[in-house]
>>> print(open('data-v2.cif').read())   # mmCIF, C-alpha atoms
data_final
#
loop_
_atom_site.label_atom_id
_atom_site.label_comp_id
_atom_site.auth_asym_id
_atom_site.auth_seq_id
_atom_site.Cartn_x
_atom_site.Cartn_y
_atom_site.Cartn_z
CA MET Q 1 0.00 0.00 0.00
CA THR Q 2 1.30 3.45 -0.91
CA LYS Q 3 1.80 6.16 1.66
CA TYR Q 4 -0.54 8.98 0.73
CA GLN Q 5 1.22 12.30 0.33
CA GLY Q 6 -1.93 14.38 0.25
CA GLY Q 7 -1.11 15.87 -3.12
CA GLY Q 8 2.28 17.00 -1.89
CA GLY Q 9 0.88 18.06 1.47
CA ARG Q 10 -1.17 20.84 -0.12
CA HIS Q 11 -4.11 22.44 1.61
CA VAL Q 12 -6.78 24.49 -0.07
CA ALA Q 13 -8.81 27.39 1.18
CA PRO Q 14 -11.90 26.15 3.03
CA SER Q 15 -14.32 27.37 0.38
CA LEU Q 16 -12.66 25.98 -2.71
CA PHE Q 17 -13.67 22.40 -3.39
CA LEU Q 18 -16.33 19.87 -2.47
CA GLY Q 19 -15.20 17.10 -4.80
CA TRP Q 20 -15.64 15.65 -8.23
CA VAL Q 21 -18.77 15.67 -10.36
CA GLN Q 22 -19.10 13.27 -13.25
CA GLY Q 23 -20.76 14.22 -16.49
CA ALA Q 24 -20.30 13.75 -20.23
CA GLY Q 25 -17.48 11.30 -19.58
CA LYS Q 26 -15.40 13.83 -17.64
CA ILE Q 27 -14.66 14.58 -14.02
CA TYR Q 28 -15.15 18.12 -12.79
CA PHE Q 29 -14.33 19.85 -9.53
CA VAL Q 30 -17.28 21.62 -7.92
CA PRO Q 31 -16.70 24.71 -5.76
CA LEU Q 32 -17.93 24.07 -2.25
CA LEU Q 33 -19.43 27.47 -1.60
CA GLY Q 34 -20.66 27.47 -5.18
CA VAL Q 35 -22.79 24.41 -4.43
CA PHE Q 36 -24.25 26.02 -1.35
CA ALA Q 37 -24.74 29.29 -3.22
CA LEU Q 38 -26.83 27.40 -5.77
CA LEU Q 39 -28.79 25.58 -3.08
CA LEU Q 40 -29.48 28.50 -0.78
CA PRO Q 41 -31.98 30.20 -3.12
CA ILE Q 42 -33.83 26.90 -3.27
CA LEU Q 43 -33.82 26.71 0.51
CA ALA Q 44 -34.89 30.33 0.82
CA GLY Q 45 -37.71 29.75 -1.63
CA CYS Q 46 -38.88 26.93 0.62
CA ASP Q 47 -38.98 29.22 3.66
CA THR Q 48 -36.66 26.96 5.62
CA GLY Q 49 -36.21 29.11 8.68
CA ASP Q 50 -33.39 27.83 10.87
CA ILE Q 51 -34.65 24.62 12.42
CA LYS Q 52 -32.32 23.11 14.99
CA PRO Q 53 -34.27 20.26 16.59
CA GLU Q 54 -33.48 19.43 20.19
CA MET Q 55 -35.45 16.19 20.28
CA SER Q 56 -36.27 13.44 17.82
CA LEU Q 57 -38.84 10.68 18.14
CA TRP Q 58 -36.06 8.58 19.69
CA GLY Q 59 -34.53 11.14 22.04
CA PRO Q 60 -32.07 14.06 22.05
CA VAL Q 61 -30.63 15.38 18.81
CA VAL Q 62 -26.90 16.07 19.16
CA THR Q 63 -25.23 18.68 16.94
CA LEU Q 64 -21.81 17.20 16.16
CA GLY Q 65 -20.54 20.30 14.37
CA GLU Q 66 -21.09 22.66 11.48
CA ALA Q 67 -19.60 22.17 8.03
CA GLU Q 68 -20.11 22.96 4.36
CA GLN Q 69 -21.14 19.45 3.37
CA SER Q 70 -24.47 18.03 2.30
CA ALA Q 71 -23.84 14.37 3.21
CA ALA Q 72 -24.29 12.95 6.68
CA PRO Q 73 -21.28 12.44 8.94
CA ALA Q 74 -19.80 8.95 8.69
CA LEU Q 75 -20.51 6.78 11.74
CA SER Q 76 -18.65 3.85 13.24
CA VAL Q 77 -20.73 2.13 15.93
CA MET Q 78 -18.73 0.27 18.59
CA PRO Q 79 -19.68 -1.10 22.02
CA GLY Q 80 -20.37 1.86 24.28
CA ARG Q 81 -19.50 4.59 21.79
CA VAL Q 82 -19.98 5.98 18.31
CA ALA Q 83 -17.26 7.69 16.29
CA ALA Q 84 -18.44 10.38 13.85
CA PHE Q 85 -16.34 11.85 11.02
CA TRP Q 86 -16.87 14.77 8.65
CA VAL Q 87 -14.99 17.26 6.47
CA GLY Q 88 -14.42 20.58 8.18
CA ALA Q 89 -12.82 23.82 7.06
CA ASP Q 90 -11.55 27.02 8.62
CA GLU Q 91 -8.93 29.69 7.96
CA THR Q 92 -6.20 27.02 8.08
CA GLY Q 93 -7.74 25.01 5.25
CA VAL Q 94 -9.74 21.80 4.79
CA HIS Q 95 -9.41 19.09 7.43
CA GLN Q 96 -11.10 15.93 8.66
CA ASP Q 97 -12.83 16.17 12.02
CA THR Q 98 -14.09 13.59 14.49
CA ARG Q 99 -16.01 13.35 17.75
CA LEU Q 100 -17.10 10.53 20.03
CA VAL Q 101 -20.61 10.08 21.33
CA ASP Q 102 -20.91 7.82 24.38
CA VAL Q 103 -22.84 7.47 27.63
CA GLY Q 104 -20.81 10.36 29.03
CA GLY Q 105 -21.94 12.70 26.30
CA LEU Q 106 -20.09 14.32 23.44
CA SER Q 107 -16.29 14.55 23.30
CA GLU Q 108 -14.38 17.58 22.10
CA ARG Q 109 -13.93 17.90 18.34
CA VAL Q 110 -10.58 16.56 17.14
CA VAL Q 111 -8.95 17.73 13.91
CA LEU Q 112 -7.20 14.64 12.59
CA PRO Q 113 -3.61 15.17 11.37
CA LEU Q 114 -4.43 13.96 7.88
CA PRO Q 115 -3.37 16.24 4.99
CA PRO Q 116 -6.45 16.20 2.74
CA VAL Q 117 -6.70 18.06 -0.54
CA HIS Q 118 -10.31 17.63 -1.73
CA PRO Q 119 -11.73 14.98 0.67
CA TYR Q 120 -15.26 13.64 0.21
CA GLY Q 121 -17.21 10.39 0.32
CA GLN Q 122 -16.18 9.41 3.85
CA GLN Q 123 -17.12 5.97 5.19
CA SER Q 124 -16.02 4.29 8.39
CA ALA Q 125 -16.22 0.91 10.12
CA PRO Q 126 -14.83 -0.71 13.27
CA ALA Q 127 -11.32 -2.15 13.01
CA SER Q 128 -9.46 -4.38 15.48
CA ALA Q 129 -8.29 -3.39 18.99
CA GLY Q 130 -10.98 -0.73 19.30
CA ASN Q 131 -9.66 1.18 16.28
CA THR Q 132 -11.69 2.58 13.41
CA HIS Q 133 -11.21 2.39 9.64
CA LEU Q 134 -11.74 5.76 7.93
CA LEU Q 135 -11.96 5.73 4.13
CA TRP Q 136 -12.53 8.64 1.76
CA LEU Q 137 -11.91 9.86 -1.78
CA ASP Q 138 -9.26 12.51 -2.35
CA ALA Q 139 -6.87 13.87 -4.97
CA GLY Q 140 -3.72 11.91 -5.61
CA ASP Q 141 -0.43 13.32 -6.85
CA ASP Q 142 -1.90 13.45 -10.37
CA ASN Q 143 -4.88 15.44 -9.00
CA LEU Q 144 -7.26 12.61 -9.89
CA PRO Q 145 -9.48 11.03 -7.23
CA ARG Q 146 -8.12 8.05 -5.31
CA LEU Q 147 -9.44 5.95 -2.45
CA VAL Q 148 -7.53 6.67 0.76
CA ASN Q 149 -7.70 5.12 4.22
CA ALA Q 150 -6.43 5.73 7.73
CA LEU Q 151 -6.63 3.80 10.99
CA ILE Q 152 -7.95 5.89 13.90
CA THR Q 153 -7.31 4.90 17.53
CA PRO Q 154 -9.84 5.00 20.39
CA GLU Q 155 -8.06 8.17 21.54
CA MET Q 156 -8.88 9.72 18.15
CA THR Q 157 -5.30 9.82 16.93
CA VAL Q 158 -3.98 8.44 13.64
CA ASP Q 159 -2.33 5.05 14.05
CA ARG Q 160 -1.73 4.35 10.36
CA GLY Q 161 -2.11 6.44 7.25
CA PRO Q 162 -3.19 8.16 5.25
CA LEU Q 163 -2.50 5.43 2.70
CA LEU Q 164 -3.58 5.07 -0.90
CA VAL Q 165 -5.90 2.13 -1.44
CA SER Q 166 -6.73 2.43 -5.15
CA ASP Q 167 -4.06 2.65 -7.84
CA ARG Q 168 -5.93 4.67 -10.49
CA ARG Q 169 -8.70 7.23 -10.93
CA THR Q 170 -11.50 6.17 -8.58
CA LEU Q 171 -15.19 7.01 -9.02
CA HIS Q 172 -17.18 5.21 -6.31
CA TYR Q 173 -16.57 2.56 -3.66
CA SER Q 174 -18.33 0.27 -1.23
CA LEU Q 175 -17.07 -1.44 1.92
CA LEU Q 176 -18.25 -4.45 3.90
CA PRO Q 177 -16.96 -5.66 7.29
CA ALA Q 178 -15.17 -8.98 6.85
CA GLY Q 179 -14.73 -10.12 10.45
CA ASP Q 180 -11.82 -9.61 12.87
CA GLY Q 181 -11.95 -5.90 12.13
CA GLY Q 182 -11.13 -6.33 8.45
CA LEU Q 183 -12.95 -5.05 5.37
CA TRP Q 184 -13.83 -6.01 1.85
CA VAL Q 185 -13.63 -3.01 -0.48
CA VAL Q 186 -14.85 -2.82 -4.09
CA TRP Q 187 -14.31 0.34 -6.12
CA SER Q 188 -14.86 1.53 -9.67
CA GLY Q 189 -12.05 3.19 -11.54
CA GLY Q 190 -10.09 3.78 -14.70
CA SER Q 191 -11.71 5.50 -17.65
CA PRO Q 192 -14.82 7.45 -16.61
CA ALA Q 193 -16.44 6.40 -19.90
CA GLU Q 194 -16.03 2.69 -19.12
CA PRO Q 195 -14.80 2.11 -15.56
CA GLY Q 196 -13.88 -1.32 -14.26
CA LEU Q 197 -14.48 -2.88 -10.85
CA TYR Q 198 -11.63 -3.75 -8.47
CA VAL Q 199 -11.62 -5.63 -5.17
CA GLN Q 200 -9.23 -5.76 -2.25
CA THR Q 201 -9.18 -6.79 1.36
CA MET Q 202 -8.12 -4.66 4.31
CA ASP Q 203 -7.01 -6.23 7.58
CA GLY Q 204 -7.87 -5.02 11.06
CA ALA Q 205 -4.74 -2.85 11.13
CA GLY Q 206 -5.66 -1.01 7.93
CA ARG Q 207 -3.21 -2.82 5.66
CA SER Q 208 -4.27 -3.82 2.17
CA PRO Q 209 -2.70 -5.69 -0.75
CA HIS Q 210 -2.87 -4.36 -4.29
CA PRO Q 211 -6.32 -4.32 -5.87
CA ARG Q 212 -7.46 -7.11 -8.17
CA PRO Q 213 -9.69 -6.51 -11.20
CA LEU Q 214 -13.02 -8.31 -11.12
CA GLY Q 215 -13.11 -8.54 -14.91
CA VAL Q 216 -16.31 -6.53 -15.47
CA SER Q 217 -17.14 -3.00 -16.50
CA GLY Q 218 -19.32 -1.06 -14.12
CA ASP Q 219 -19.80 1.79 -11.70
CA TRP Q 220 -21.54 2.40 -8.35
CA PRO Q 221 -20.44 -0.92 -6.77
CA LEU Q 222 -22.58 -1.99 -3.79
CA LEU Q 223 -21.61 -4.74 -1.35
CA ALA Q 224 -24.17 -6.51 0.84
CA ALA Q 225 -24.01 -9.64 3.00
CA GLY Q 226 -26.93 -11.96 3.66
CA ASN Q 227 -27.78 -15.64 3.93
CA GLY Q 228 -24.09 -16.43 4.36
CA THR Q 229 -23.27 -14.87 0.98
CA THR Q 230 -21.48 -11.71 -0.08
CA TYR Q 231 -23.42 -10.01 -2.86
CA LEU Q 232 -22.14 -7.37 -5.26
CA PHE Q 233 -24.40 -5.09 -7.28
CA TRP Q 234 -23.20 -2.62 -9.89
CA LEU Q 235 -24.45 -0.36 -12.66
CA ASN Q 236 -23.47 -0.76 -16.31
CA ARG Q 237 -24.10 2.82 -17.42
CA ALA Q 238 -23.89 2.11 -21.14
CA GLU Q 239 -26.57 -0.59 -20.90
CA ARG Q 240 -28.52 1.14 -18.07
CA GLN Q 241 -28.66 -2.28 -16.42
CA VAL Q 242 -27.92 -3.19 -12.82
CA TYR Q 243 -26.01 -6.43 -12.47
CA GLY Q 244 -25.65 -8.67 -9.45
CA GLY Q 245 -23.33 -11.50 -8.48
CA GLU Q 246 -21.70 -13.31 -5.59
CA LEU Q 247 -18.17 -12.72 -4.34
CA LEU Q 248 -16.39 -15.89 -3.25
CA ALA Q 249 -12.97 -15.24 -1.68
CA GLY Q 250 -12.72 -12.03 -3.66
CA VAL Q 251 -13.67 -13.64 -6.98
CA LEU Q 252 -16.86 -12.71 -8.82
CA ALA Q 253 -18.40 -16.15 -9.11
CA THR Q 254 -21.54 -15.17 -11.03
CA GLN Q 255 -23.01 -12.17 -12.77
CA ARG Q 256 -26.53 -11.58 -13.98
CA VAL Q 257 -28.75 -8.70 -15.09
CA LEU Q 258 -31.23 -7.82 -12.34
CA VAL Q 259 -33.13 -4.71 -13.40
CA THR Q 260 -33.05 -1.71 -15.72
CA SER Q 261 -32.25 1.63 -14.08
CA PRO Q 262 -34.91 4.36 -13.91
CA ASP Q 263 -35.31 6.56 -16.96
CA MET Q 264 -33.14 9.67 -16.96
CA LEU Q 265 -33.47 12.62 -19.33
CA PRO Q 266 -30.61 14.83 -20.54
CA GLY Q 267 -29.47 16.96 -17.61
CA ASP Q 268 -30.74 14.52 -14.98
CA ARG Q 269 -28.05 13.23 -12.62
CA LEU Q 270 -27.68 10.14 -10.47
CA LEU Q 271 -26.63 11.37 -7.02
CA ALA Q 272 -26.63 8.13 -5.07
CA MET Q 273 -27.23 4.43 -5.52
CA GLN Q 274 -27.55 2.11 -2.52
CA ALA Q 275 -28.60 -1.44 -1.68
CA GLY Q 276 -30.23 -3.19 1.28
CA LEU Q 277 -31.46 -6.65 2.25
CA ASP Q 278 -34.29 -8.21 4.23
CA GLN Q 279 -34.65 -11.97 4.68
CA THR Q 280 -36.20 -12.56 1.26
CA HIS Q 281 -35.45 -9.55 -0.95
CA ALA Q 282 -32.68 -7.27 -2.08
CA TYR Q 283 -33.50 -3.60 -2.63
CA LEU Q 284 -31.86 -1.03 -4.89
CA PHE Q 285 -32.37 2.70 -4.34
CA TRP Q 286 -31.51 5.42 -6.86
CA THR Q 287 -31.52 9.10 -5.85
CA ILE Q 288 -31.82 11.33 -8.92
CA THR Q 289 -31.90 15.08 -9.33
CA ARG Q 290 -33.99 16.17 -12.29
CA ALA Q 291 -32.92 18.90 -14.70
CA ALA Q 292 -36.49 20.18 -14.51
CA GLY Q 293 -36.11 20.52 -10.73
CA GLY Q 294 -36.50 18.32 -7.69
CA THR Q 295 -34.82 15.27 -6.21
CA GLU Q 296 -36.43 11.83 -6.29
CA THR Q 297 -35.66 8.34 -4.98
CA TRP Q 298 -36.66 5.31 -7.01
CA TYR Q 299 -36.45 1.70 -5.84
CA ALA Q 300 -36.74 -1.86 -7.09
CA ALA Q 301 -36.79 -5.18 -5.24
CA GLY Q 302 -36.20 -8.83 -6.04
CA SER Q 303 -34.18 -11.88 -5.17
CA PRO Q 304 -30.44 -11.15 -4.78
CA THR Q 305 -29.75 -14.30 -6.78
CA GLY Q 306 -31.78 -13.13 -9.76
CA GLY Q 307 -35.20 -14.04 -11.02
CA GLU Q 308 -38.02 -11.58 -11.40
CA TRP Q 309 -37.47 -8.05 -10.06
CA SER Q 310 -40.05 -5.32 -9.76
CA PRO Q 311 -39.44 -2.48 -12.22
CA PRO Q 312 -38.12 0.73 -10.65
CA ALA Q 313 -40.85 2.84 -9.06
CA ARG Q 314 -40.66 6.25 -7.48
CA LEU Q 315 -40.52 5.89 -3.71
CA GLY Q 316 -43.59 7.23 -1.97
CA ILE Q 317 -45.56 6.11 1.05
CA VAL Q 318 -49.01 6.32 2.65
CA THR Q 319 -48.91 8.38 5.86
CA THR Q 320 -52.59 8.25 6.89
CA LEU Q 321 -52.79 4.75 8.36
CA ASP Q 322 -53.15 4.64 12.16
CA THR Q 323 -52.47 0.94 12.68
CA PRO Q 324 -49.34 0.33 14.77
CA PHE Q 325 -46.46 -1.52 13.18
CA THR Q 326 -43.80 -3.45 15.09
CA THR Q 327 -40.42 -2.80 13.51
CA GLY Q 328 -38.34 -5.48 15.24
CA PHE Q 329 -35.85 -2.78 16.26
CA ASN Q 330 -35.57 -0.92 19.55
CA SER Q 331 -37.12 2.07 17.85
CA GLY Q 332 -40.56 2.13 19.45
CA THR Q 333 -43.84 1.56 17.66
CA ALA Q 334 -44.18 2.72 14.09
CA ARG Q 335 -47.26 3.03 11.93
CA GLN Q 336 -48.21 0.81 9.06
CA SER Q 337 -47.70 2.14 5.56
CA ALA Q 338 -47.67 1.08 1.94
CA ASP Q 339 -46.46 2.37 -1.40
CA GLY Q 340 -48.16 5.73 -1.95
CA THR Q 341 -47.78 9.24 -3.28
CA GLU Q 342 -46.19 11.06 -0.35
CA TRP Q 343 -42.94 11.29 -2.26
CA LEU Q 344 -39.61 10.65 -0.55
CA ALA Q 345 -36.02 11.47 -1.48
CA TRP Q 346 -32.47 10.79 -0.28
CA ALA Q 347 -33.29 7.21 0.78
CA SER Q 348 -30.47 5.47 2.65
CA PRO Q 349 -30.88 1.84 3.85
CA ALA Q 350 -29.16 0.44 6.91
CA PRO Q 351 -26.34 -1.93 6.00
CA ALA Q 352 -26.54 -5.66 6.87
CA GLN Q 353 -29.52 -8.01 6.56
CA TYR Q 354 -32.62 -7.70 8.72
CA ALA Q 355 -36.07 -9.28 8.91
CA VAL Q 356 -37.39 -5.76 8.28
CA LEU Q 357 -35.14 -3.31 6.39
CA PRO Q 358 -35.04 0.23 7.83
CA VAL Q 359 -34.37 3.07 5.38
CA ALA Q 360 -33.82 6.73 6.31
CA ALA Q 361 -35.37 9.24 3.91
CA ALA Q 362 -36.51 12.83 3.55
CA TRP Q 363 -40.20 13.64 3.38
CA GLU Q 364 -40.69 17.35 2.81
CA LYS Q 365 -39.06 18.94 5.90
CA ARG Q 366 -39.13 15.75 7.92
CA LEU Q 367 -36.52 13.06 8.38
CA ILE Q 368 -38.27 9.70 8.54
CA VAL Q 369 -37.48 5.99 8.62
CA VAL Q 370 -39.38 3.72 6.25
CA TYR Q 371 -39.52 -0.04 6.84
CA PHE Q 372 -39.52 -2.60 4.02
CA GLN Q 373 -40.38 -6.29 4.09
CA GLY Q 374 -41.07 -8.79 1.34
CA GLY Q 375 -40.20 -6.28 -1.35
CA ARG Q 376 -42.58 -3.50 -0.31
CA VAL Q 377 -43.14 -0.65 2.14
CA VAL Q 378 -44.75 -1.86 5.37
CA GLY Q 379 -44.22 0.87 7.99
CA TRP Q 380 -42.77 4.26 8.83
CA GLN Q 381 -41.73 6.61 11.65
CA ASP Q 382 -41.49 10.40 11.69
CA ILE Q 383 -38.13 11.06 13.37
CA ALA Q 384 -37.20 14.76 13.30
CA ALA Q 385 -37.68 18.16 11.67
CA THR Q 386 -35.17 19.46 9.15
CA ASN Q 387 -34.66 22.46 6.90
CA GLY Q 388 -35.13 20.18 3.89
CA LEU Q 389 -32.29 17.74 3.21
CA ILE Q 390 -29.98 18.26 0.24
CA GLY Q 391 -27.86 15.16 0.87
CA THR Q 392 -28.08 11.56 1.97
CA PRO Q 393 -28.62 10.71 5.66
CA LEU Q 394 -26.93 7.71 7.27
CA LEU Q 395 -28.70 4.96 9.21
CA VAL Q 396 -26.82 2.22 11.11
CA ALA Q 397 -28.06 -0.59 13.36
CA ASP Q 398 -26.04 -2.39 16.04
CA ARG Q 399 -26.14 -6.02 17.15
CA ASP Q 400 -28.80 -5.19 19.74
CA LEU Q 401 -31.02 -3.68 17.03
CA HIS Q 402 -30.65 -0.11 18.19
CA LEU Q 403 -30.62 2.49 15.41
CA TYR Q 404 -28.20 5.39 14.91
CA LEU Q 405 -29.04 8.21 12.51
CA SER Q 406 -26.96 11.14 11.25
CA TRP Q 407 -27.72 13.88 8.72
CA ALA Q 408 -26.54 17.26 7.47
CA ASP Q 409 -29.25 19.86 8.01
CA PRO Q 410 -28.68 22.89 5.72
CA GLN Q 411 -28.78 26.30 7.35
CA PRO Q 412 -29.59 29.63 5.64
CA ALA Q 413 -26.15 30.96 6.58
CA GLY Q 414 -24.57 28.55 4.07
CA TYR Q 415 -23.41 25.66 6.23
CA ALA Q 416 -24.97 22.46 7.52
CA ALA Q 417 -25.63 21.51 11.12
CA LEU Q 418 -24.38 17.93 11.46
CA GLN Q 419 -26.99 16.12 13.52
CA PHE Q 420 -27.13 12.78 15.32
CA THR Q 421 -29.80 10.82 17.20
CA THR Q 422 -30.15 7.24 18.39
CA THR Q 423 -32.60 4.83 19.96
CA ARG Q 424 -29.93 3.82 22.50
CA GLN Q 425 -30.35 6.23 25.38
CA GLY Q 426 -28.24 6.13 28.52
CA GLY Q 427 -25.96 3.31 27.48
#
>>> encode(input="data-v2.cif", output="structure tokens")
Amino acid sequence: MTKYQGGGGRHVAPSLFLGWVQGAGKIYFVPLLGVFALLLPILAGCDTGDIKPEMSLWGPVVTLGEAEQSAAPALSVMPGRVAAFWVGADETGVHQDTRLVDVGGLSERVVLPLPPVHPYGQQSAPASAGNTHLLWLDAGDDNLPRLVNALITPEMTVDRGPLLVSDRRTLHYSLLPAGDGGLWVVWSGGSPAEPGLYVQTMDGAGRSPHPRPLGVSGDWPLLAAGNGTTYLFWLNRAERQVYGGELLAGVLATQRVLVTSPDMLPGDRLLAMQAGLDQTHAYLFWTITRAAGGTETWYAAGSPTGGEWSPPARLGIVTTLDTPFTTGFNSGTARQSADGTEWLAWASPAPAQYAVLPVAAAWEKRLIVVYFQGGRVVGWQDIAATNGLIGTPLLVADRDLHLYLSWADPQPAGYAALQFTTTRQGG
């Protein structure tokens, strides 16, 4: 693994870059404040106010920090504590920040001594010895995006890294805990017009061998584990088809077409693609911003091993049913629901396989959790007020079936309040 030099140790002014945007076969940098400048008129037109909720349906809402990012802070849930990570900026430049949430409250913010250039796309997961894997996309020495990782200690110091994981231009990636604090990582990279998929392992100490090509073209790789099998889903953009297969010891054993992606018109853009599992079905979620205005989530469901899949449908629910619904999680009683026309956006399923799949989503100025089972919507909960999300929330469940939820709530001043709430109260 290559020691990451952070683009020669360069820092940029805090307002310069959010990351890369893909379009017309090219990769573009997007100005950070420029993105918020474009979004603020939309927010103002929606009369957002400045909502800072103090309580959610589950309990207190903790403000982790403030930052110019639209995506939720990354979360790593460990026994007795949660580590949160986000991209911060101040007069010294761009940096990566972290805080711990535990039974004692909220720790002080720590600026990690990692020399980022244009960091984005953070994900994290528990490592061995109480450490945490932190992965993100950033500019390499050639100023093209690469996958980078670091190993963070329980004291919130850097034990290893930053280190380069990918060896070429990297578009998107997915990680999956592999046991003993290790990870499986699949990423898409190479030519933006026809990227390939690459796989590698990462041990509990953050070390990784060189990536191996999986031998297929694709983008938006999605890893999921269920029924003792590691599944991989990916999008073939040229065909507009989503493929699925099984990974056996890092080898793609099968591949099959599952479903056609939702229709997209010129100017529309795919912002996120995610996957989730219940006991019988796999789910794919596409979040799309339309050139005509508005952000939508579409979903499809079917067997992860193939067979008949439902065609993509826009995600909407029924909110008028009063019948209680038992979620199976320690999240209190929800209400029954079904597919409907209360349209949702920014859907984000919890990783891992559950009898009922919980999915965080935005409904107007509310952050909600929708529950899926058997390939359809079965329940929902209204969690907290927002100013109207402009990025994907993050929902994580622990082994005791408690839920942890983070999101970036945009503020009229041009930053986001990074929020966190959980069903686990008082330890």
>>> closest_residue(input="data-v2.cif", among="Q:Ala225, Q:Ala292, Q:Val242, Q:Ala350", to="Leu405 in chain Q", atoms="all atoms listed in the file")
Q:Ala350
>>> resolve_selection(input="data-v2.cif", expression="the PyMOL selection byres ((chain Q and resi 132) around 8)", output="MDAnalysis selection string")
chainID Q and resid 76 124:128 130:131 133:134 151:154
>>> resolve_selection(input="data-v2.cif", expression="the PyMOL selection byres ((chain Q and resi 310) around 6)", output="list in words")
Ala300, Ala301, Trp309 and Pro311 of chain Q
>>> resolve_selection(input="data-v2.cif", expression="the PyMOL selection byres ((chain Q and resi 203) around 8)", output="PyMOL selection string")
chain Q and resi 180-183+201-202+204-208
>>> closest_residue(input="data-v2.cif", among="Q:Phe420, Q:Trp220, Q:Tyr243, Q:Trp136", to="Gln274 in chain Q", atoms="all atoms listed in the file")
Q:Trp220
>>> atom_distance(input="data-v2.cif", atom1="CA of Pro221 in chain Q", atom2="CA of Trp234 in chain Q")
4.5 Å
>>> residues_around(input="data-v2.cif", residues="Gly302 in chain Q", least_positions_apart="4", cutoff="8 Å", atoms="all atoms listed in the file", output="list of chain:residue names")
Q:His281, Q:Ala282, Q:Tyr283, Q:Gly306, Q:Gly307, Q:Glu308, Q:Trp309, Q:Ser310, Q:Gly375
>>> closest_residue(input="data-v2.cif", among="Q:Asp167, Q:Glu239, Q:Glu246, Q:Glu296", to="Pro209 in chain Q", atoms="only C-alpha atoms")
Q:Asp167
>>> closest_residue(input="data-v2.cif", among="Q:Leu171, Q:Leu147, Q:Ala238, Q:Val62", to="Pro211 in chain Q", atoms="all atoms listed in the file")
Q:Leu147
>>> decode(input="data-v2.cif", residues="range 109-113 of chain Q", atoms="all heavy atoms", output="PDB file, in the first residue's frame")
ATOM      1  N   ARG Q 109     -14.274  18.148  19.752  1.00  0.00           N
ATOM      2  CA  ARG Q 109     -13.927  17.904  18.345  1.00  0.00           C
ATOM      3  C   ARG Q 109     -12.412  17.772  18.210  1.00  0.00           C
ATOM      4  O   ARG Q 109     -11.655  18.529  18.801  1.00  0.00           O
ATOM      5  CB  ARG Q 109     -14.429  19.058  17.485  1.00  0.00           C
ATOM      6  CG  ARG Q 109     -14.040  18.953  16.008  1.00  0.00           C
ATOM      7  CD  ARG Q 109     -14.593  20.138  15.227  1.00  0.00           C
ATOM      8  NE  ARG Q 109     -13.970  21.384  15.637  1.00  0.00           N
ATOM      9  CZ  ARG Q 109     -12.941  21.954  15.010  1.00  0.00           C
ATOM     10  NH1 ARG Q 109     -12.418  21.370  13.939  1.00  0.00           N
ATOM     11  NH2 ARG Q 109     -12.455  23.094  15.428  1.00  0.00           N
ATOM     12  N   VAL Q 110     -11.993  16.780  17.423  1.00  0.00           N
ATOM     13  CA  VAL Q 110     -10.578  16.560  17.144  1.00  0.00           C
ATOM     14  C   VAL Q 110     -10.343  16.750  15.648  1.00  0.00           C
ATOM     15  O   VAL Q 110     -11.052  16.155  14.829  1.00  0.00           O
ATOM     16  CB  VAL Q 110     -10.131  15.149  17.573  1.00  0.00           C
ATOM     17  CG1 VAL Q 110      -8.695  14.870  17.131  1.00  0.00           C
ATOM     18  CG2 VAL Q 110     -10.270  14.980  19.085  1.00  0.00           C
ATOM     19  N   VAL Q 111      -9.379  17.589  15.297  1.00  0.00           N
ATOM     20  CA  VAL Q 111      -8.951  17.728  13.907  1.00  0.00           C
ATOM     21  C   VAL Q 111      -7.858  16.704  13.664  1.00  0.00           C
ATOM     22  O   VAL Q 111      -6.779  16.779  14.248  1.00  0.00           O
ATOM     23  CB  VAL Q 111      -8.445  19.150  13.609  1.00  0.00           C
ATOM     24  CG1 VAL Q 111      -7.935  19.241  12.170  1.00  0.00           C
ATOM     25  CG2 VAL Q 111      -9.555  20.170  13.845  1.00  0.00           C
ATOM     26  N   LEU Q 112      -8.153  15.723  12.823  1.00  0.00           N
ATOM     27  CA  LEU Q 112      -7.196  14.643  12.586  1.00  0.00           C
ATOM     28  C   LEU Q 112      -6.014  15.139  11.771  1.00  0.00           C
ATOM     29  O   LEU Q 112      -6.178  15.908  10.812  1.00  0.00           O
ATOM     30  CB  LEU Q 112      -7.888  13.496  11.848  1.00  0.00           C
ATOM     31  CG  LEU Q 112      -8.987  12.786  12.636  1.00  0.00           C
ATOM     32  CD1 LEU Q 112      -9.765  11.843  11.726  1.00  0.00           C
ATOM     33  CD2 LEU Q 112      -8.403  12.032  13.820  1.00  0.00           C
ATOM     34  N   PRO Q 113      -4.801  14.724  12.115  1.00  0.00           N
ATOM     35  CA  PRO Q 113      -3.608  15.167  11.372  1.00  0.00           C
ATOM     36  C   PRO Q 113      -3.449  14.415  10.054  1.00  0.00           C
ATOM     37  O   PRO Q 113      -2.468  13.716   9.817  1.00  0.00           O
ATOM     38  CB  PRO Q 113      -2.476  14.854  12.351  1.00  0.00           C
ATOM     39  CG  PRO Q 113      -2.972  13.681  13.134  1.00  0.00           C
ATOM     40  CD  PRO Q 113      -4.456  13.894  13.284  1.00  0.00           C
TER      41      PRO Q 113
END
